[in-house]
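Undergrad: Contents are PDB, C-alpha atoms; file name start25.pdb:
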```pdb
MODEL        1
ATOM      1  CA  MET A   1     -26.722 -78.691  25.279
ATOM      2  CA  ILE A   2     -27.668 -80.773  28.323
ATOM      3  CA  ASP A   3     -25.492 -83.782  29.102
ATOM      4  CA  ILE A   4     -27.101 -86.806  30.710
ATOM      5  CA  ILE A   5     -25.467 -89.502  32.776
ATOM      6  CA  ILE A   6     -27.312 -92.804  32.856
ATOM      7  CA  LEU A   7     -26.699 -94.266  36.267
ATOM      8  CA  GLU A   8     -28.633 -97.480  36.073
ATOM      9  CA  ILE A   9     -30.789 -99.402  33.612
ATOM     10  CA  TYR A  10     -33.099-102.182  34.574
ATOM     11  CA  MET A  11     -36.120-103.991  33.272
ATOM     12  CA  ILE A  12     -39.544-104.311  34.853
ATOM     13  CA  ARG A  13     -41.923-107.003  33.657
ATOM     14  CA  LYS A  14     -45.516-105.781  33.720
ATOM     15  CA  ASN A  15     -48.532-107.160  31.846
ATOM     16  CA  ASN A  16     -46.226-109.245  29.614
ATOM     17  CA  TYR A  17     -44.523-106.061  28.393
ATOM     18  CA  TYR A  18     -41.074-104.770  29.229
ATOM     19  CA  ASN A  19     -40.762-101.114  30.161
ATOM     20  CA  ARG A  20     -37.279 -99.676  30.280
ATOM     21  CA  TYR A  21     -36.683 -97.105  32.932
ATOM     22  CA  TYR A  22     -33.641 -95.048  33.592
ATOM     23  CA  TYR A  23     -32.241 -93.391  36.633
ATOM     24  CA  ILE A  24     -30.874 -90.173  35.211
ATOM     25  CA  ARG A  25     -29.309 -86.999  36.418
ATOM     26  CA  ASN A  26     -27.878 -83.792  35.072
ATOM     27  CA  ILE A  27     -24.096 -83.508  35.275
ATOM     28  CA  TYR A  28     -24.478 -79.953  36.510
ATOM     29  CA  ASP A  29     -26.212 -81.191  39.660
ATOM     30  CA  THR A  30     -24.164 -82.434  42.518
ATOM     31  CA  TYR A  31     -24.135 -86.087  43.386
ATOM     32  CA  ASN A  32     -25.546 -85.443  46.853
ATOM     33  CA  TYR A  33     -28.528 -83.584  45.414
ATOM     34  CA  PHE A  34     -29.261 -86.398  43.018
ATOM     35  CA  LYS A  35     -28.834 -88.995  45.740
ATOM     36  CA  LYS A  36     -31.557 -87.317  47.784
ATOM     37  CA  ASN A  37     -33.842 -86.654  44.793
ATOM     38  CA  LYS A  38     -33.877 -89.729  42.588
ATOM     39  CA  ILE A  39     -36.211 -89.462  39.615
ATOM     40  CA  LEU A  40     -37.725 -92.478  37.868
ATOM     41  CA  ILE A  41     -38.965 -91.596  34.371
ATOM     42  CA  LYS A  42     -39.225 -93.236  30.960
ATOM     43  CA  PHE A  43     -36.422 -92.750  28.497
ATOM     44  CA  LYS A  44     -38.625 -91.008  25.914
ATOM     45  CA  LYS A  45     -39.495 -88.320  28.467
ATOM     46  CA  ILE A  46     -35.880 -87.487  29.326
ATOM     47  CA  PHE A  47     -35.622 -84.632  26.822
ATOM     48  CA  ASP A  48     -38.825 -82.887  27.956
ATOM     49  CA  PHE A  49     -37.819 -83.298  31.591
ATOM     50  CA  PHE A  50     -34.478 -81.548  31.184
ATOM     51  CA  ILE A  51     -35.878 -78.865  28.906
ATOM     52  CA  LYS A  52     -38.407 -77.883  31.583
ATOM     53  CA  LYS A  53     -35.725 -78.046  34.248
ATOM     54  CA  LYS A  54     -33.395 -75.803  32.264
ATOM     55  CA  ILE A  55     -36.181 -73.323  31.444
ATOM     56  CA  VAL A  56     -36.823 -72.797  35.139
ATOM     57  CA  LYS A  57     -33.151 -71.890  35.606
ATOM     58  CA  ILE A  58     -32.919 -69.570  32.594
ATOM     59  CA  ILE A  59     -36.260 -67.723  32.741
ATOM     60  CA  ASN A  60     -37.221 -65.410  35.545
ATOM     61  CA  LEU A  61     -40.814 -66.387  36.301
ATOM     62  CA  ASP A  62     -41.601 -63.068  38.018
ATOM     63  CA  ASN A  63     -40.606 -61.104  34.916
ATOM     64  CA  LEU A  64     -42.487 -63.568  32.732
ATOM     65  CA  LYS A  65     -45.727 -63.043  34.678
ATOM     66  CA  TYR A  66     -45.266 -59.275  34.641
ATOM     67  CA  ASN A  67     -44.705 -59.169  30.866
ATOM     68  CA  ALA A  68     -47.650 -61.533  30.267
ATOM     69  CA  ILE A  69     -50.005 -59.333  32.292
ATOM     70  CA  LYS A  70     -48.866 -56.208  30.436
ATOM     71  CA  ASN A  71     -49.299 -57.976  27.104
ATOM     72  CA  VAL A  72     -52.850 -59.007  28.007
ATOM     73  CA  GLU A  73     -53.749 -55.505  29.206
ATOM     74  CA  ASN A  74     -52.501 -53.819  26.019
ATOM     75  CA  ASN A  75     -53.059 -56.461  23.307
ATOM     76  CA  GLY A  76     -55.743 -58.729  24.774
ATOM     77  CA  ILE A  77     -58.948 -59.626  22.880
ATOM     78  CA  VAL A  78     -62.076 -61.010  24.578
ATOM     79  CA  PHE A  79     -64.780 -62.576  22.380
ATOM     80  CA  ILE A  80     -68.284 -62.779  23.883
ATOM     81  CA  ASP A  81     -70.480 -65.215  21.969
ATOM     82  CA  GLU A  82     -74.288 -65.622  22.190
ATOM     83  CA  ILE A  83     -74.749 -62.149  23.631
ATOM     84  CA  ASP A  84     -78.296 -62.111  22.233
ATOM     85  CA  LYS A  85     -79.266 -64.662  24.910
ATOM     86  CA  ILE A  86     -78.994 -61.994  27.626
ATOM     87  CA  ALA A  87     -80.979 -59.376  25.678
ATOM     88  CA  ASN A  88     -84.419 -58.743  27.188
ATOM     89  CA  LYS A  89     -87.039 -57.793  24.627
ATOM     90  CA  ASN A  90     -89.854 -57.214  27.106
ATOM     91  CA  THR A  91     -89.114 -53.851  28.716
ATOM     92  CA  TYR A  92     -92.102 -54.015  31.066
ATOM     93  CA  ASN A  93     -91.090 -57.255  32.750
ATOM     94  CA  ASN A  94     -87.317 -57.212  32.858
ATOM     95  CA  ASP A  95     -85.643 -60.522  33.555
ATOM     96  CA  VAL A  96     -83.433 -59.929  36.587
ATOM     97  CA  SER A  97     -80.909 -62.599  35.637
ATOM     98  CA  ARG A  98     -80.383 -61.263  32.088
ATOM     99  CA  THR A  99     -80.116 -57.676  33.255
ATOM    100  CA  GLY A 100     -77.704 -58.704  35.993
ATOM    101  CA  VAL A 101     -75.427 -60.461  33.521
ATOM    102  CA  GLN A 102     -75.430 -57.390  31.308
ATOM    103  CA  ARG A 103     -74.435 -55.168  34.232
ATOM    104  CA  ASP A 104     -71.624 -57.534  35.162
ATOM    105  CA  LEU A 105     -70.341 -57.489  31.590
ATOM    106  CA  LEU A 106     -70.637 -53.712  31.535
ATOM    107  CA  CYS A 107     -68.106 -53.438  34.367
ATOM    108  CA  LEU A 108     -65.585 -55.521  32.419
ATOM    109  CA  VAL A 109     -66.118 -53.702  29.129
ATOM    110  CA  GLU A 110     -65.925 -50.219  30.707
ATOM    111  CA  GLY A 111     -62.723 -51.107  32.505
ATOM    112  CA  THR A 112     -62.001 -52.673  35.871
ATOM    113  CA  ASN A 113     -59.375 -54.657  37.751
ATOM    114  CA  VAL A 114     -59.746 -58.433  37.652
ATOM    115  CA  ASN A 115     -57.973 -60.628  40.188
ATOM    116  CA  THR A 116     -56.315 -63.719  38.688
ATOM    117  CA  LYS A 117     -53.858 -66.247  40.079
ATOM    118  CA  TYR A 118     -51.111 -64.481  38.125
ATOM    119  CA  GLY A 119     -51.964 -61.010  39.365
ATOM    120  CA  ILE A 120     -54.354 -58.107  38.824
ATOM    121  CA  ILE A 121     -55.356 -57.401  35.198
ATOM    122  CA  ASN A 122     -56.812 -54.062  34.116
ATOM    123  CA  THR A 123     -59.367 -54.284  31.273
ATOM    124  CA  ASN A 124     -59.296 -50.621  30.175
ATOM    125  CA  HIS A 125     -57.395 -51.323  26.940
ATOM    126  CA  ILE A 126     -58.614 -54.851  26.181
ATOM    127  CA  LEU A 127     -60.633 -55.223  22.951
ATOM    128  CA  PHE A 128     -64.089 -56.742  23.489
ATOM    129  CA  ILE A 129     -65.943 -58.337  20.560
ATOM    130  CA  ALA A 130     -69.521 -59.606  20.946
ATOM    131  CA  ALA A 131     -71.587 -61.766  18.571
ATOM    132  CA  GLY A 132     -75.136 -63.073  18.500
ATOM    133  CA  ALA A 133     -77.868 -64.227  16.117
ATOM    134  CA  PHE A 134     -80.566 -61.884  17.505
ATOM    135  CA  HIS A 135     -83.433 -63.944  16.049
ATOM    136  CA  LEU A 136     -85.812 -63.200  18.915
ATOM    137  CA  SER A 137     -84.349 -59.862  19.974
ATOM    138  CA  ASP A 138     -82.451 -56.849  18.683
ATOM    139  CA  PRO A 139     -79.174 -55.230  19.755
ATOM    140  CA  SER A 140     -81.291 -52.322  20.952
ATOM    141  CA  ASP A 141     -82.772 -54.611  23.643
ATOM    142  CA  LEU A 142     -79.461 -54.559  25.490
ATOM    143  CA  LEU A 143     -78.736 -51.995  28.161
ATOM    144  CA  PRO A 144     -78.028 -48.569  26.595
ATOM    145  CA  GLU A 145     -74.740 -48.348  28.472
ATOM    146  CA  LEU A 146     -73.661 -51.744  27.095
ATOM    147  CA  GLN A 147     -74.709 -50.781  23.555
ATOM    148  CA  GLY A 148     -72.540 -47.692  23.767
ATOM    149  CA  ARG A 149     -69.482 -49.806  24.509
ATOM    150  CA  PHE A 150     -69.891 -51.646  21.178
ATOM    151  CA  PRO A 151     -70.025 -48.748  18.692
ATOM    152  CA  ILE A 152     -69.065 -50.737  15.576
ATOM    153  CA  ARG A 153     -71.718 -53.170  14.353
ATOM    154  CA  VAL A 154     -71.340 -55.587  11.448
ATOM    155  CA  GLU A 155     -74.174 -57.668  10.016
ATOM    156  CA  LEU A 156     -73.132 -60.959   8.444
ATOM    157  CA  ASN A 157     -74.702 -62.369   5.287
ATOM    158  CA  ASN A 158     -76.499 -65.705   5.184
ATOM    159  CA  LEU A 159     -74.515 -68.772   4.190
ATOM    160  CA  THR A 160     -74.576 -69.556   0.484
ATOM    161  CA  ILE A 161     -74.332 -72.926  -1.256
ATOM    162  CA  GLU A 162     -70.623 -72.357  -1.836
ATOM    163  CA  ASP A 163     -70.155 -71.628   1.864
ATOM    164  CA  PHE A 164     -71.773 -74.935   2.764
ATOM    165  CA  LYS A 165     -69.524 -76.740   0.280
ATOM    166  CA  ASN A 166     -66.421 -75.155   1.773
ATOM    167  CA  ILE A 167     -67.546 -76.094   5.290
ATOM    168  CA  LEU A 168     -67.920 -79.749   4.272
ATOM    169  CA  LYS A 169     -64.762 -79.938   2.174
ATOM    170  CA  LYS A 170     -62.128 -77.481   3.365
ATOM    171  CA  THR A 171     -62.478 -77.333   7.124
ATOM    172  CA  LYS A 172     -59.949 -79.441   9.005
ATOM    173  CA  PHE A 173     -62.409 -81.421  11.132
ATOM    174  CA  ASN A 174     -65.483 -81.273   8.906
ATOM    175  CA  LEU A 175     -68.616 -83.320   9.512
ATOM    176  CA  ILE A 176     -67.893 -85.718   6.653
ATOM    177  CA  LYS A 177     -64.566 -86.664   8.205
ATOM    178  CA  GLN A 178     -66.120 -86.992  11.669
ATOM    179  CA  TYR A 179     -68.815 -89.381  10.447
ATOM    180  CA  ARG A 180     -66.259 -91.353   8.449
ATOM    181  CA  TYR A 181     -64.092 -91.985  11.507
ATOM    182  CA  LEU A 182     -67.121 -92.592  13.708
ATOM    183  CA  LEU A 183     -68.394 -95.402  11.494
ATOM    184  CA  LYS A 184     -64.882 -96.705  10.958
ATOM    185  CA  CYS A 185     -64.854 -97.643  14.645
ATOM    186  CA  GLU A 186     -67.844 -99.899  13.903
ATOM    187  CA  GLY A 187     -66.159-101.507  10.909
ATOM    188  CA  VAL A 188     -68.028 -99.528   8.232
ATOM    189  CA  LYS A 189     -66.125 -97.614   5.556
ATOM    190  CA  LEU A 190     -68.078 -94.501   4.513
ATOM    191  CA  ASN A 191     -67.456 -92.347   1.441
ATOM    192  CA  PHE A 192     -69.212 -89.273   0.023
ATOM    193  CA  THR A 193     -68.962 -88.299  -3.627
ATOM    194  CA  ASN A 194     -68.497 -84.656  -4.613
ATOM    195  CA  GLU A 195     -71.965 -84.647  -6.187
ATOM    196  CA  ALA A 196     -73.449 -85.861  -2.895
ATOM    197  CA  ILE A 197     -71.699 -83.112  -0.937
ATOM    198  CA  ASN A 198     -72.963 -80.524  -3.426
ATOM    199  CA  LYS A 199     -76.502 -81.871  -3.062
ATOM    200  CA  VAL A 200     -76.321 -81.744   0.749
ATOM    201  CA  SER A 201     -75.136 -78.139   0.501
ATOM    202  CA  GLU A 202     -77.999 -77.252  -1.831
ATOM    203  CA  ILE A 203     -80.618 -78.865   0.416
ATOM    204  CA  SER A 204     -79.198 -77.141   3.501
ATOM    205  CA  TYR A 205     -79.321 -73.776   1.775
ATOM    206  CA  ASN A 206     -82.923 -74.248   0.635
ATOM    207  CA  LEU A 207     -84.112 -75.363   4.078
ATOM    208  CA  ASN A 208     -82.431 -72.383   5.729
ATOM    209  CA  LYS A 209     -84.072 -70.081   3.205
ATOM    210  CA  LYS A 210     -87.611 -71.544   3.289
ATOM    211  CA  VAL A 211     -88.031 -72.867   6.840
ATOM    212  CA  GLN A 212     -85.675 -71.484   9.481
ATOM    213  CA  ASN A 213     -82.153 -70.164   9.201
ATOM    214  CA  LEU A 214     -80.040 -72.433  11.389
ATOM    215  CA  GLY A 215     -76.777 -71.524   9.725
ATOM    216  CA  ALA A 216     -74.163 -74.268   9.492
ATOM    217  CA  ARG A 217     -76.078 -76.324  12.081
ATOM    218  CA  ARG A 218     -78.386 -77.342   9.245
ATOM    219  CA  LEU A 219     -75.631 -79.580   7.859
ATOM    220  CA  PHE A 220     -75.613 -81.608  11.065
ATOM    221  CA  GLU A 221     -79.361 -82.187  10.788
ATOM    222  CA  ILE A 222     -79.187 -83.260   7.137
ATOM    223  CA  LEU A 223     -76.289 -85.664   7.627
ATOM    224  CA  GLU A 224     -77.862 -87.161  10.744
ATOM    225  CA  ARG A 225     -81.024 -88.002   8.805
ATOM    226  CA  ILE A 226     -79.085 -89.436   5.864
ATOM    227  CA  LEU A 227     -76.914 -91.693   8.051
ATOM    228  CA  GLU A 228     -79.708 -92.638  10.448
ATOM    229  CA  SER A 229     -80.328 -96.031   8.890
ATOM    230  CA  ILE A 230     -76.615 -96.839   8.763
ATOM    231  CA  TYR A 231     -76.290 -96.212  12.501
ATOM    232  CA  PHE A 232     -78.964 -98.731  13.414
ATOM    233  CA  ASN A 233     -77.886-101.343  10.871
ATOM    234  CA  ASN A 234     -74.118-101.142  11.344
ATOM    235  CA  PHE A 235     -73.922-104.787  12.468
ATOM    236  CA  GLU A 236     -75.365-105.921   9.139
ATOM    237  CA  LEU A 237     -73.161-103.502   7.194
ATOM    238  CA  LYS A 238     -69.957-104.345   9.022
ATOM    239  CA  ASN A 239     -66.820-104.662   6.885
ATOM    240  CA  LEU A 240     -68.611-103.094   3.919
ATOM    241  CA  ASN A 241     -67.779-100.003   1.862
ATOM    242  CA  ILE A 242     -70.702 -97.582   1.670
ATOM    243  CA  THR A 243     -70.674 -94.772  -0.867
ATOM    244  CA  ILE A 244     -73.228 -91.966  -0.594
ATOM    245  CA  ASP A 245     -73.913 -90.461  -4.010
ATOM    246  CA  GLU A 246     -76.332 -87.858  -5.327
ATOM    247  CA  LYS A 247     -78.969 -90.426  -6.319
ATOM    248  CA  TYR A 248     -79.017 -91.892  -2.793
ATOM    249  CA  ILE A 249     -79.647 -88.463  -1.256
ATOM    250  CA  ILE A 250     -82.387 -87.540  -3.757
ATOM    251  CA  ASP A 251     -84.199 -90.861  -3.239
ATOM    252  CA  PHE A 252     -83.852 -90.576   0.526
ATOM    253  CA  PHE A 253     -85.413 -87.122   0.718
ATOM    254  CA  ASN A 254     -88.171 -87.921  -1.757
ATOM    255  CA  ASN A 255     -89.197 -90.948   0.303
ATOM    256  CA  ASN A 256     -89.103 -89.006   3.567
ATOM    257  CA  ILE A 257     -91.219 -86.160   2.214
ATOM    258  CA  LYS A 258     -93.877 -88.640   1.048
ATOM    259  CA  LYS A 259     -93.933 -90.622   4.293
ATOM    260  CA  LYS A 260     -93.774 -87.761   6.803
ATOM    261  CA  ASP A 261     -95.440 -84.466   7.314
ATOM    262  CA  LYS A 262     -93.297 -81.578   6.106
ATOM    263  CA  LYS A 263     -93.459 -79.826   9.480
ATOM    264  CA  ASP A 264     -92.148 -82.924  11.213
ATOM    265  CA  TYR A 265     -89.545 -83.413   8.520
ATOM    266  CA  TYR A 266     -88.213 -79.881   8.884
ATOM    267  CA  LYS A 267     -88.042 -80.151  12.669
ATOM    268  CA  TYR A 268     -84.474 -79.792  13.923
ATOM    269  CA  ILE A 269     -83.219 -82.654  16.105
ATOM    270  CA  LEU A 270     -81.057 -81.558  19.038
TER     271      LEU A 270
ENDMDL
END
```
Is it possible to give me this structure as structure tokens?
TA:
Amino acid sequence: MIDIIILEIYMIRKNNYYNRYYYIRNIYDTYNYFKKNKILIKFKKIFDFFIKKKIVKIINLDNLKYNAIKNVENNGIVFIDEIDKIANKNTYNNDVSRTGVQRDLLCLVEGTNVNTKYGIINTNHILFIAAGAFHLSDPSDLLPELQGRFPIRVELNNLTIEDFKNILKKTKFNLIKQYRYLLKCEGVKLNFTNEAINKVSEISYNLNKKVQNLGARRLFEILERILESIYFNNFELKNLNITIDEKYIIDFFNNNIKKKDKKDYYKYIL
């Protein structure tokens, strides 16, 4: 337990608010040390301040860095996303930049020493996991040496309607919640019924199947189109409760298909 002596309390008036500050010190420190090193902090930050100060005394930072480096070298996992973007499908006209990135990654995956501010880390025993869509290329378009360093390949299935429902309902920061808080800042209260969420999931699945498979990104496109009119009319809808139900979504898409060309309608907005 850390004991605290409060030496002085005073009030500072600033912007019509009173902030209470404390001159504090640890009883284990000498008075001369504290006299030379006065610290002015808020009372609510006293606990964190002394915890950090005590940790520095208890923990040997050199041993901590050494153990952290060894833990990374033996138990570390590196995930490389969008690796299909550096695959070169045209073998006759190799893109120098893509090939160069592959060769740089090859050094890390095969095993090398990497200089960091905490020390040198060896990547021989670090697990590397790579992922990519490979719509315009194949894993075989990568360098043969790099392919050999990823011997286990797993192909994922396309998202189903149930997957889309779970993404909209069960994820912590799902799109429905994001849009609800976004419009709440403008004074609009937004609600989605379960039937509406199911319909959005069904439409997203069908568009991915018939047009282009965008994965979960399709949900962002669908919701953007549905809430487009609310964005531009939020001043008129201020302080109102808006509920999106299944009928609203069906009517919206039927009207858009009649008014616009299907190719333009299916176009993904970045």
Undergrad: For Asn88 (chain A), please output as a list in words all residues within 12 Å (counting only C-alpha atoms; exclusion window: fewer than 5 positions along the same chain).
TA: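 That gives Ile83, Asn93, Asn94, Asp95, Val96, Ser97, Arg98, Thr99, Gly100, Val101, Gln102, Phe134, Leu136, Ser137, Asp138, Pro139, Ser140, Asp141, Leu142 and Leu143 of chain A.
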Undergrad: Give me the residues near Phe150 (chain A) as a PyMOL selection string, where near means some atom within 9 Å (using all atoms listed in the file) and where sequence neighbours in that chain fewer than 4 positions away do not count.
TA: chain A and resi 128-130+146
Undergrad: Measuring atom to atom with all atoms listed in the file, identify which of A:Val72, A:Leu168, A:Leu227, A:Ala87 is nearest to Leu183 (chain A).
TA: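 With all atoms listed in the file as the atom set, the closest residue is A:Leu227.
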Undergrad: Which of these, A:Asn67, A:Thr243, A:Asn166, A:Asn213, has the shortest distance to Ala196 (chain A) once you count only C-alpha atoms?
TA: A:Thr243
Undergrad: Excluding Lys238 (chain A) and residues on its chain fewer than 5 positions from it, collect all residues at most 10 Å away from it, counting all atoms listed in the file, and give them as a PyMOL selection string.
TA: chain A and resi 183-184+186-189+233
Undergrad: Find the residue from A:Leu105, A:Leu156, A:Leu214, A:Ile197 that sits nearest to Tyr248 (chain A); use all atoms listed in the file when measuring.
TA: A:Ile197
Undergrad: Have a look at A:Asn208, A:Val200, A:Ile242, A:Val114 and name the one nearest to Arg225 (chain A); count only C-alpha atoms.
TA: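 Closest residue, counting only C-alpha atoms: A:Val200.
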Undergrad: Record the distance separating CA of Gly119 (chain A) and CA of Gly76 (chain A), expressed in Å with one decimal.
TA: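 Computing it gives 15.2 Å between the two atoms.
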Undergrad: Please report the interatomic distance between CA of Asp163 (chain A) and CA of Lys247 (chain A) in Å with one decimal.
TA: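 About the pair CA of Asp163 (chain A) and CA of Lys247 (chain A): they are 22.3 Å apart.
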Undergrad: So, counting all atoms listed in the file, which residue among A:Ile46, A:Leu127, A:Ala216, A:Ile59 is closest to Ile80 (chain A)?
TA: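 Result for the nearest residue to Ile80 (chain A): A:Leu127.
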Undergrad: Closest to Asn206 (chain A) among A:Val78, A:Leu159, A:Ile250, A:Val154, using all atoms listed in the file?
TA: A:Leu159
Undergrad: What is the CA of Asp245 (chain A) to CA of Tyr179 (chain A) distance in Å?
TA: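 Going from CA of Asp245 (chain A) over to CA of Tyr179 (chain A), I get 15.4 Å.
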Undergrad: Using all atoms listed in the file, collect all residues at a distance of at most 9 Å from (-62.7, -48.0, 30.1) as written in the file, then present them as number ranges by chain.
TA: A: 107-112, 123-126, 149
Undergrad: If the PyMOL selection byres ((chain A and resi 133) around 8) is run on the structure shown, which residues does it catch, given as a ChimeraX atom specification?
TA: /A:82,84,131-132,134-135
